[in-house]
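Okay, my_file_24.pdb is below, PDB, C-alpha atoms:
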```
ATOM      1  CA  MET A 230     -11.675  54.101   2.919
ATOM      2  CA  THR A 231     -15.062  55.830   2.799
ATOM      3  CA  ASP A 232     -18.623  54.517   2.720
ATOM      4  CA  GLU A 233     -18.155  53.680  -0.976
ATOM      5  CA  GLY A 234     -15.304  51.258  -0.273
ATOM      6  CA  CYS A 235     -17.125  49.781   2.710
ATOM      7  CA  SER A 236     -20.185  49.153   0.546
ATOM      8  CA  ALA A 237     -18.007  47.308  -1.980
ATOM      9  CA  VAL A 238     -16.539  45.107   0.771
ATOM     10  CA  THR A 239     -19.938  44.276   2.276
ATOM     11  CA  SER A 240     -21.417  43.588  -1.167
ATOM     12  CA  ALA A 241     -18.690  41.003  -1.802
ATOM     13  CA  LEU A 242     -19.247  39.411   1.591
ATOM     14  CA  LYS A 243     -22.993  39.191   1.023
ATOM     15  CA  SER A 244     -22.253  37.088  -2.069
ATOM     16  CA  ASN A 245     -20.009  34.760  -0.064
ATOM     17  CA  PRO A 246     -20.758  35.313   3.645
ATOM     18  CA  SER A 247     -20.032  32.017   5.327
ATOM     19  CA  HIS A 248     -16.227  31.856   5.582
ATOM     20  CA  LEU A 249     -14.965  35.215   6.913
ATOM     21  CA  ARG A 250     -14.405  35.198  10.679
ATOM     22  CA  ASP A 251     -12.351  38.357  11.335
ATOM     23  CA  LEU A 252     -13.049  41.818   9.846
ATOM     24  CA  ASP A 253     -11.052  44.922  10.804
ATOM     25  CA  LEU A 254     -12.157  48.236   9.272
ATOM     26  CA  SER A 255     -10.617  50.476  11.942
ATOM     27  CA  GLY A 256      -9.556  54.019  11.113
ATOM     28  CA  ASN A 257     -11.843  54.441   8.079
ATOM     29  CA  LYS A 258     -14.667  56.950   7.473
ATOM     30  CA  LEU A 259     -17.457  54.475   6.899
ATOM     31  CA  GLY A 260     -20.302  57.005   6.991
ATOM     32  CA  ASP A 261     -24.019  56.245   7.282
ATOM     33  CA  SER A 262     -24.310  54.142   4.116
ATOM     34  CA  GLY A 263     -21.178  52.160   4.995
ATOM     35  CA  VAL A 264     -22.483  51.318   8.463
ATOM     36  CA  ARG A 265     -25.927  50.422   7.086
ATOM     37  CA  ASN A 266     -24.433  48.055   4.492
ATOM     38  CA  LEU A 267     -22.233  46.469   7.130
ATOM     39  CA  SER A 268     -25.275  46.021   9.381
ATOM     40  CA  ASP A 269     -27.186  44.389   6.527
ATOM     41  CA  LEU A 270     -24.337  41.895   6.217
ATOM     42  CA  LEU A 271     -24.435  41.086   9.946
ATOM     43  CA  MET A 272     -28.149  40.320   9.714
ATOM     44  CA  ILE A 273     -27.643  37.544   7.152
ATOM     45  CA  PRO A 274     -28.024  34.162   8.930
ATOM     46  CA  GLN A 275     -25.098  32.761   6.929
ATOM     47  CA  CYS A 276     -22.764  35.487   8.243
ATOM     48  CA  GLN A 277     -20.275  33.804  10.605
ATOM     49  CA  LEU A 278     -18.227  36.845  11.682
ATOM     50  CA  GLU A 279     -16.615  36.302  15.079
ATOM     51  CA  LYS A 280     -14.399  39.410  15.278
ATOM     52  CA  LEU A 281     -15.456  42.895  14.178
ATOM     53  CA  HIS A 282     -13.118  45.832  14.761
ATOM     54  CA  LEU A 283     -14.457  49.326  14.049
ATOM     55  CA  SER A 284     -12.147  51.439  16.184
ATOM     56  CA  GLU A 285     -11.849  55.119  15.230
ATOM     57  CA  CYS A 286     -14.399  54.954  12.399
ATOM     58  CA  ARG A 287     -16.270  58.116  13.437
ATOM     59  CA  ILE A 288     -19.300  56.041  14.325
ATOM     60  CA  THR A 289     -22.030  58.142  15.936
ATOM     61  CA  GLU A 290     -24.729  57.146  18.404
ATOM     62  CA  GLU A 291     -27.251  56.894  15.537
ATOM     63  CA  GLN A 292     -24.975  54.536  13.595
ATOM     64  CA  CYS A 293     -24.389  52.504  16.757
ATOM     65  CA  LEU A 294     -28.168  51.992  16.929
ATOM     66  CA  ILE A 295     -28.080  50.541  13.405
ATOM     67  CA  LEU A 296     -25.257  48.130  14.327
ATOM     68  CA  THR A 297     -27.049  47.151  17.527
ATOM     69  CA  SER A 298     -30.187  46.291  15.587
ATOM     70  CA  ALA A 299     -28.108  43.978  13.396
ATOM     71  CA  LEU A 300     -26.553  42.272  16.419
ATOM     72  CA  LYS A 301     -29.989  41.655  17.897
ATOM     73  CA  SER A 302     -31.054  39.967  14.654
ATOM     74  CA  ASN A 303     -28.056  37.609  14.552
ATOM     75  CA  PRO A 304     -26.400  37.563  17.999
ATOM     76  CA  SER A 305     -24.892  34.120  18.321
ATOM     77  CA  HIS A 306     -21.665  34.283  16.275
ATOM     78  CA  LEU A 307     -19.862  37.500  17.259
ATOM     79  CA  ARG A 308     -17.226  36.995  19.948
ATOM     80  CA  ASP A 309     -15.087  40.155  19.706
ATOM     81  CA  LEU A 310     -16.409  43.701  19.141
ATOM     82  CA  ASP A 311     -14.210  46.814  19.146
ATOM     83  CA  LEU A 312     -15.961  50.197  18.958
ATOM     84  CA  SER A 313     -13.222  52.201  20.694
ATOM     85  CA  LYS A 314     -12.569  55.853  19.862
ATOM     86  CA  ASN A 315     -16.040  56.516  18.464
ATOM     87  CA  LYS A 316     -18.460  59.148  19.756
ATOM     88  CA  LEU A 317     -21.120  56.717  20.888
ATOM     89  CA  GLY A 318     -22.061  58.543  24.062
ATOM     90  CA  ASP A 319     -24.380  57.068  26.676
ATOM     91  CA  SER A 320     -27.282  57.049  24.215
ATOM     92  CA  GLY A 321     -25.291  54.848  21.822
ATOM     93  CA  VAL A 322     -23.955  52.507  24.501
ATOM     94  CA  LYS A 323     -27.348  51.829  26.122
ATOM     95  CA  PRO A 324     -28.963  50.041  23.122
ATOM     96  CA  LEU A 325     -25.740  48.089  22.610
ATOM     97  CA  CYS A 326     -26.012  46.871  26.185
ATOM     98  CA  ASP A 327     -29.619  45.820  25.581
ATOM     99  CA  ALA A 328     -28.284  43.532  22.838
ATOM    100  CA  LEU A 329     -25.755  42.065  25.303
ATOM    101  CA  LYS A 330     -28.599  41.046  27.628
ATOM    102  CA  ASP A 331     -29.868  38.539  25.058
ATOM    103  CA  SER A 332     -29.088  35.009  26.259
ATOM    104  CA  HIS A 333     -28.105  34.138  22.664
ATOM    105  CA  CYS A 334     -25.369  36.791  22.697
ATOM    106  CA  LYS A 335     -21.987  35.074  23.091
ATOM    107  CA  LEU A 336     -19.748  38.158  23.057
ATOM    108  CA  GLU A 337     -16.504  37.482  24.937
ATOM    109  CA  ARG A 338     -14.583  40.698  24.271
ATOM    110  CA  LEU A 339     -16.010  44.229  24.236
ATOM    111  CA  ARG A 340     -13.907  47.352  23.796
ATOM    112  CA  ILE A 341     -15.668  50.689  24.161
ATOM    113  CA  SER A 342     -12.777  52.811  25.395
ATOM    114  CA  CYS A 343     -12.742  56.545  24.648
ATOM    115  CA  CYS A 344     -16.414  56.624  23.589
ATOM    116  CA  ASP A 345     -17.683  59.734  25.451
ATOM    117  CA  MET A 346     -19.377  57.502  28.005
ATOM    118  CA  THR A 347     -20.246  58.600  31.555
ATOM    119  CA  ASP A 348     -21.492  56.834  34.684
ATOM    120  CA  GLU A 349     -24.902  56.546  32.994
ATOM    121  CA  GLY A 350     -23.479  54.431  30.183
ATOM    122  CA  CYS A 351     -21.484  52.379  32.686
ATOM    123  CA  SER A 352     -24.730  51.578  34.517
ATOM    124  CA  ALA A 353     -26.093  50.171  31.241
ATOM    125  CA  VAL A 354     -22.973  47.987  30.874
ATOM    126  CA  THR A 355     -23.451  46.816  34.465
ATOM    127  CA  SER A 356     -27.084  45.926  33.833
ATOM    128  CA  ALA A 357     -26.059  43.872  30.783
ATOM    129  CA  LEU A 358     -23.402  42.026  32.782
ATOM    130  CA  LYS A 359     -25.918  41.171  35.492
ATOM    131  CA  SER A 360     -28.414  39.843  32.946
ATOM    132  CA  ASN A 361     -25.910  37.775  30.945
ATOM    133  CA  PRO A 362     -22.730  37.396  33.031
ATOM    134  CA  SER A 363     -21.249  34.120  31.906
ATOM    135  CA  HIS A 364     -19.780  34.869  28.459
ATOM    136  CA  LEU A 365     -17.861  38.168  28.639
ATOM    137  CA  ARG A 366     -14.172  37.651  29.345
ATOM    138  CA  ASP A 367     -12.549  40.949  28.322
ATOM    139  CA  LEU A 368     -14.059  44.399  28.996
ATOM    140  CA  ASP A 369     -12.330  47.683  28.147
ATOM    141  CA  LEU A 370     -14.001  50.858  29.445
ATOM    142  CA  SER A 371     -10.838  52.988  29.561
ATOM    143  CA  ARG A 372     -10.756  56.741  28.893
ATOM    144  CA  ASN A 373     -14.404  57.340  29.720
ATOM    145  CA  LYS A 374     -15.649  59.696  32.434
ATOM    146  CA  LEU A 375     -17.092  56.970  34.637
ATOM    147  CA  GLY A 376     -15.974  58.311  37.996
ATOM    148  CA  ASP A 377     -16.534  56.462  41.266
ATOM    149  CA  SER A 378     -20.315  56.678  40.755
ATOM    150  CA  GLY A 379     -20.015  54.683  37.516
ATOM    151  CA  VAL A 380     -17.507  52.140  38.790
ATOM    152  CA  LYS A 381     -19.402  51.228  41.991
ATOM    153  CA  PRO A 382     -22.437  49.646  40.258
ATOM    154  CA  LEU A 383     -20.052  47.780  37.942
ATOM    155  CA  CYS A 384     -18.470  46.274  41.035
ATOM    156  CA  ASP A 385     -21.835  44.802  42.045
ATOM    157  CA  ALA A 386     -21.756  42.814  38.782
ATOM    158  CA  LEU A 387     -18.180  41.657  39.497
ATOM    159  CA  LYS A 388     -19.331  40.149  42.797
ATOM    160  CA  ASP A 389     -21.637  37.729  40.992
ATOM    161  CA  SER A 390     -20.112  34.247  41.035
ATOM    162  CA  HIS A 391     -21.389  33.752  37.472
ATOM    163  CA  CYS A 392     -19.241  36.664  36.247
ATOM    164  CA  LYS A 393     -16.251  35.187  34.382
ATOM    165  CA  LEU A 394     -14.368  38.390  33.468
ATOM    166  CA  GLU A 395     -10.655  37.732  33.034
ATOM    167  CA  ARG A 396      -9.526  41.179  31.815
ATOM    168  CA  LEU A 397     -10.889  44.523  33.007
ATOM    169  CA  ARG A 398      -9.482  47.833  31.801
ATOM    170  CA  LEU A 399     -10.481  51.006  33.647
ATOM    171  CA  SER A 400      -7.529  53.286  32.906
ATOM    172  CA  CYS A 401      -8.136  57.058  32.931
ATOM    173  CA  CYS A 402     -11.722  56.730  34.189
ATOM    174  CA  TYR A 403     -11.592  59.521  36.821
ATOM    175  CA  MET A 404     -11.544  57.027  39.697
ATOM    176  CA  THR A 405     -10.327  57.826  43.200
ATOM    177  CA  ASP A 406      -9.467  55.641  46.194
ATOM    178  CA  GLU A 407     -13.228  55.268  46.774
ATOM    179  CA  GLY A 408     -13.755  53.598  43.398
ATOM    180  CA  CYS A 409     -10.631  51.499  43.866
ATOM    181  CA  SER A 410     -11.945  50.261  47.208
ATOM    182  CA  ALA A 411     -15.186  49.210  45.512
ATOM    183  CA  VAL A 412     -13.230  47.280  42.860
ATOM    184  CA  THR A 413     -11.081  45.457  45.418
ATOM    185  CA  SER A 414     -14.092  44.673  47.599
ATOM    186  CA  ALA A 415     -15.842  43.105  44.599
ATOM    187  CA  LEU A 416     -12.789  41.055  43.670
ATOM    188  CA  LYS A 417     -12.424  39.818  47.245
ATOM    189  CA  SER A 418     -15.955  38.434  46.902
ATOM    190  CA  ASN A 419     -15.204  36.781  43.541
ATOM    191  CA  PRO A 420     -11.404  36.579  43.229
ATOM    192  CA  SER A 421     -10.773  33.478  41.169
ATOM    193  CA  HIS A 422     -11.452  34.605  37.575
ATOM    194  CA  LEU A 423      -9.798  37.992  36.946
ATOM    195  CA  ARG A 424      -6.316  37.682  35.459
ATOM    196  CA  GLU A 425      -5.634  41.242  34.291
ATOM    197  CA  LEU A 426      -6.642  44.575  35.860
ATOM    198  CA  ASP A 427      -5.685  48.004  34.508
ATOM    199  CA  LEU A 428      -6.348  50.983  36.802
ATOM    200  CA  SER A 429      -3.665  53.234  35.324
ATOM    201  CA  GLY A 430      -4.151  56.989  35.169
ATOM    202  CA  ASN A 431      -6.565  57.174  38.120
ATOM    203  CA  LYS A 432      -6.099  59.040  41.416
ATOM    204  CA  LEU A 433      -6.143  55.974  43.625
ATOM    205  CA  GLY A 434      -3.922  57.340  46.359
ATOM    206  CA  ASP A 435      -2.126  55.291  49.006
ATOM    207  CA  SER A 436      -5.372  54.022  50.557
ATOM    208  CA  GLY A 437      -6.543  52.680  47.190
ATOM    209  CA  VAL A 438      -3.253  50.881  46.628
ATOM    210  CA  ARG A 439      -3.340  49.432  50.162
ATOM    211  CA  ASN A 440      -6.729  47.890  49.432
ATOM    212  CA  LEU A 441      -5.310  46.378  46.247
ATOM    213  CA  SER A 442      -2.423  44.957  48.250
ATOM    214  CA  ASP A 443      -4.895  43.270  50.613
ATOM    215  CA  LEU A 444      -6.554  41.683  47.577
ATOM    216  CA  LEU A 445      -3.241  40.292  46.308
ATOM    217  CA  MET A 446      -2.689  38.561  49.664
ATOM    218  CA  ILE A 447      -5.787  36.388  49.210
ATOM    219  CA  PRO A 448      -4.713  32.876  48.102
ATOM    220  CA  GLN A 449      -7.699  32.645  45.729
ATOM    221  CA  CYS A 450      -6.631  35.791  43.874
ATOM    222  CA  GLN A 451      -5.502  34.786  40.378
ATOM    223  CA  LEU A 452      -4.316  38.189  39.116
ATOM    224  CA  GLU A 453      -1.395  37.827  36.726
ATOM    225  CA  LYS A 454      -1.145  41.423  35.496
ATOM    226  CA  LEU A 455      -1.856  44.601  37.479
ATOM    227  CA  GLN A 456      -1.297  48.014  35.875
ATOM    228  CA  LEU A 457      -1.080  51.115  38.061
ATOM    229  CA  VAL A 458       0.887  53.375  35.731
ATOM    230  CA  SER A 459       0.746  57.119  36.341
ATOM    231  CA  LEU A 460      -0.564  58.670  33.114
ATOM    232  CA  TYR A 461      -1.756  62.008  31.831
ATOM    233  CA  CYS A 462      -4.994  61.073  30.130
ATOM    234  CA  THR A 463      -7.640  62.843  28.121
ATOM    235  CA  VAL A 464     -10.931  61.336  26.981
ATOM    236  CA  THR A 465     -11.451  63.232  23.749
ATOM    237  CA  VAL A 466     -11.843  61.318  20.479
TER
END
```
Could you write out this file's structure as structure tokens?
Amino acid sequence: MTDEGCSAVTSALKSNPSHLRDLDLSGNKLGDSGVRNLSDLLMIPQCQLEKLHLSECRITEEQCLILTSALKSNPSHLRDLDLSKNKLGDSGVKPLCDALKDSHCKLERLRISCCDMTDEGCSAVTSALKSNPSHLRDLDLSRNKLGDSGVKPLCDALKDSHCKLERLRLSCCYMTDEGCSAVTSALKSNPSHLRELDLSGNKLGDSGVRNLSDLLMIPQCQLEKLQLVSLYCTVTV
């Protein structure tokens, strides 16, 4: 589907916006006009969309700004947003994170894996989590070049007792044992919420894994799924 098909879909939904809860347009070339029409739909007060999946839609940082503007206008309904495998970059992720800071934003699941994000973009995510920590349950930052310098500030947000994250995916994020130690230290401070942790494809080393093992020994630790798979990962879209 191209922008023409997307415009037809959004036009139909504008005529009858109140029932649809789940919209998946992944893998389509929506283009500028498609994204703009979709954003116009999201701005309508009657729009009740709870899940919006736009993975691999060739969305650029400029188009992400348009979507972000729509979310700021009508933030209270969306619960699940997937923008994975789009070239958002740090400049696209930052405005999105500003929208997440809004106390009216009730987003529970955010997937921005493989989005050309660096530690700078991760800092913006961290800032959003600190400002509005109680709603997000599932965060996927995999296949971005975060490095230890990006992961460490994120860990400060995880320490907050108001943070209710249950699933955190950081696979192929260029982490080392240093970043892994920061993650485990944060979870030792606030161990009772996280159920699933994915650190696959990172160079954690034995010392990183030992720190994780210490975490698992804590009775308050509620982890149900831990992924440490050795992967060859790239972060290109």
List the residues matched by the PyMOL selection byres ((chain A and resi 440) around 10) in the displayed structure as a PyMOL selection string, ordered by chain and then by residue number.
chain A and resi 406+409-414+433+435-439+441-445
Return the single residue from A:Leu394, A:Cys401, A:Leu329, A:Leu249 that is closest to A:Cys343, with distances computed using all atoms listed in the file.
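Checking each candidate against A:Cys343, we get A:Cys401 as the closest.
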Report as a VMD selection string the residues that result from applying the PyMOL selection byres ((chain A and resi 242-245) around 9) to the structure here.
chain A and resid 237 to 241 246 to 249 269 to 270 273 275 to 276
Could you check how far atom CA of A:Asn315 sits from atom CA of A:Ile341, in Å to one decimal?
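It comes out at 8.2 Å.
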Residues selected by the PyMOL selection byres ((chain A and resi 457) around 10), written as a PyMOL selection string:
chain A and resi 400+426-433+438+455-456+458-460
When you count only C-alpha atoms, which of these residues is closest to A:Cys286: A:Cys344, A:Ile447, A:Val322, A:Leu339?
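For A:Cys286, the nearest of the candidates is A:Cys344.
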A:Leu368, A:Asn266, A:Asn419, A:Asn373 ranked by distance to A:Leu317, top pick (using all atoms listed in the file):
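Distance minimum relative to A:Leu317 lands on A:Asn373.
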Is it possible to get the residues within 10 Å of (-27.2, 52.7, 18.3) (coordinates as in the file, counting only C-alpha atoms) written as a ChimeraX atom specification?
/A:288-298,317-326
Save out the residues we just selected, C-alpha atoms, as a tab-separated table (two decimals), in the frame of the given file.
```
chain	number	residue	atom	x	y	z
A	288	ILE	CA	-19.30	56.04	14.32
A	289	THR	CA	-22.03	58.14	15.94
A	290	GLU	CA	-24.73	57.15	18.40
A	291	GLU	CA	-27.25	56.89	15.54
A	292	GLN	CA	-24.98	54.54	13.60
A	293	CYS	CA	-24.39	52.50	16.76
A	294	LEU	CA	-28.17	51.99	16.93
A	295	ILE	CA	-28.08	50.54	13.40
A	296	LEU	CA	-25.26	48.13	14.33
A	297	THR	CA	-27.05	47.15	17.53
A	298	SER	CA	-30.19	46.29	15.59
A	317	LEU	CA	-21.12	56.72	20.89
A	318	GLY	CA	-22.06	58.54	24.06
A	319	ASP	CA	-24.38	57.07	26.68
A	320	SER	CA	-27.28	57.05	24.22
A	321	GLY	CA	-25.29	54.85	21.82
A	322	VAL	CA	-23.96	52.51	24.50
A	323	LYS	CA	-27.35	51.83	26.12
A	324	PRO	CA	-28.96	50.04	23.12
A	325	LEU	CA	-25.74	48.09	22.61
A	326	CYS	CA	-26.01	46.87	26.18
```
Rounded to one decimal place, report the atom CA of A:Thr347-atom CA of A:Leu267 distance in Å.
27.3 Å
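Reported to one decimal place, the separation of atom CA of A:Arg287 from atom CA of A:Arg372 is 16.5 Å.
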Contacts of A:Ser302 at 9 Å or less, counting only C-alpha atoms, minus same-chain residues fewer than 6 places along, as a list of chain:residue names?
A:Leu271, A:Met272, A:Ile273, A:Pro274
Determine the nearest neighbour of A:Gln277 from the options A:Gly350, A:Pro448, A:Pro304, A:Pro382, counting only C-alpha atoms.
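Closest to A:Gln277 of all the choices is A:Pro304.
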Box dimensions and centre (Å, one decimal) enclosing stretch 440-449 of chain A, axis-aligned, 8 Å extra per side, as lines of an AutoDock Vina configuration file:
```
center_x = -5.1
center_y = 40.3
center_z = 48.2
size_x = 21.3
size_y = 31.2
size_z = 20.9
```
Between A:Ala386, A:Met404, A:Leu416, A:Ala299, which one has atoms that come closest to A:Thr355, using all atoms listed in the file?
A:Ala386
Within 9 Å of A:His391, counting all atoms listed in the file, which residues qualify if same-chain residues fewer than 2 places away don't, as number ranges by chain?
A: 359, 361-363, 387-389, 393
Residues as selected, C-alpha atoms, written as an mmCIF file, in the frame of the given file, can you do that?
```
data_model
loop_
_atom_site.group_PDB
_atom_site.id
_atom_site.type_symbol
_atom_site.label_atom_id
_atom_site.label_comp_id
_atom_site.auth_asym_id
_atom_site.auth_seq_id
_atom_site.Cartn_x
_atom_site.Cartn_y
_atom_site.Cartn_z
ATOM 1 C CA LYS A 359 -25.918 41.171 35.492
ATOM 2 C CA ASN A 361 -25.910 37.775 30.945
ATOM 3 C CA PRO A 362 -22.730 37.396 33.031
ATOM 4 C CA SER A 363 -21.249 34.120 31.906
ATOM 5 C CA LEU A 387 -18.180 41.657 39.497
ATOM 6 C CA LYS A 388 -19.331 40.149 42.797
ATOM 7 C CA ASP A 389 -21.637 37.729 40.992
ATOM 8 C CA LYS A 393 -16.251 35.187 34.382
#
```
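Each of A:Arg265, A:Met230, A:Leu375, A:Arg340 was checked against A:Leu281 using all atoms listed in the file; the smallest atom-to-atom distance is that of A:Arg340.
Within 12 Å of the file-frame point (-26.9, 34.5, 21.2), and using all atoms listed in the file, the polymer residues found are A:Leu300, A:Lys301, A:Ser302, A:Asn303, A:Pro304, A:Ser305, A:His306, A:Leu307, A:Arg308, A:Ala328, A:Leu329, A:Lys330, A:Asp331, A:Ser332, A:His333, A:Cys334, A:Lys335, A:Leu336, A:Glu337, A:Asn361, A:His364.
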Residues of the last selection are to be written out with C-alpha atoms, as a PDB file, in the coordinates of the input.
```pdb
ATOM      1  CA  LEU A 300     -26.553  42.272  16.419  1.00  0.00           C
ATOM      2  CA  LYS A 301     -29.989  41.655  17.897  1.00  0.00           C
ATOM      3  CA  SER A 302     -31.054  39.967  14.654  1.00  0.00           C
ATOM      4  CA  ASN A 303     -28.056  37.609  14.552  1.00  0.00           C
ATOM      5  CA  PRO A 304     -26.400  37.563  17.999  1.00  0.00           C
ATOM      6  CA  SER A 305     -24.892  34.120  18.321  1.00  0.00           C
ATOM      7  CA  HIS A 306     -21.665  34.283  16.275  1.00  0.00           C
ATOM      8  CA  LEU A 307     -19.862  37.500  17.259  1.00  0.00           C
ATOM      9  CA  ARG A 308     -17.226  36.995  19.948  1.00  0.00           C
ATOM     10  CA  ALA A 328     -28.284  43.532  22.838  1.00  0.00           C
ATOM     11  CA  LEU A 329     -25.755  42.065  25.303  1.00  0.00           C
ATOM     12  CA  LYS A 330     -28.599  41.046  27.628  1.00  0.00           C
ATOM     13  CA  ASP A 331     -29.868  38.539  25.058  1.00  0.00           C
ATOM     14  CA  SER A 332     -29.088  35.009  26.259  1.00  0.00           C
ATOM     15  CA  HIS A 333     -28.105  34.138  22.664  1.00  0.00           C
ATOM     16  CA  CYS A 334     -25.369  36.791  22.697  1.00  0.00           C
ATOM     17  CA  LYS A 335     -21.987  35.074  23.091  1.00  0.00           C
ATOM     18  CA  LEU A 336     -19.748  38.158  23.057  1.00  0.00           C
ATOM     19  CA  GLU A 337     -16.504  37.482  24.937  1.00  0.00           C
ATOM     20  CA  ASN A 361     -25.910  37.775  30.945  1.00  0.00           C
ATOM     21  CA  HIS A 364     -19.780  34.869  28.459  1.00  0.00           C
TER      22      HIS A 364
END
```
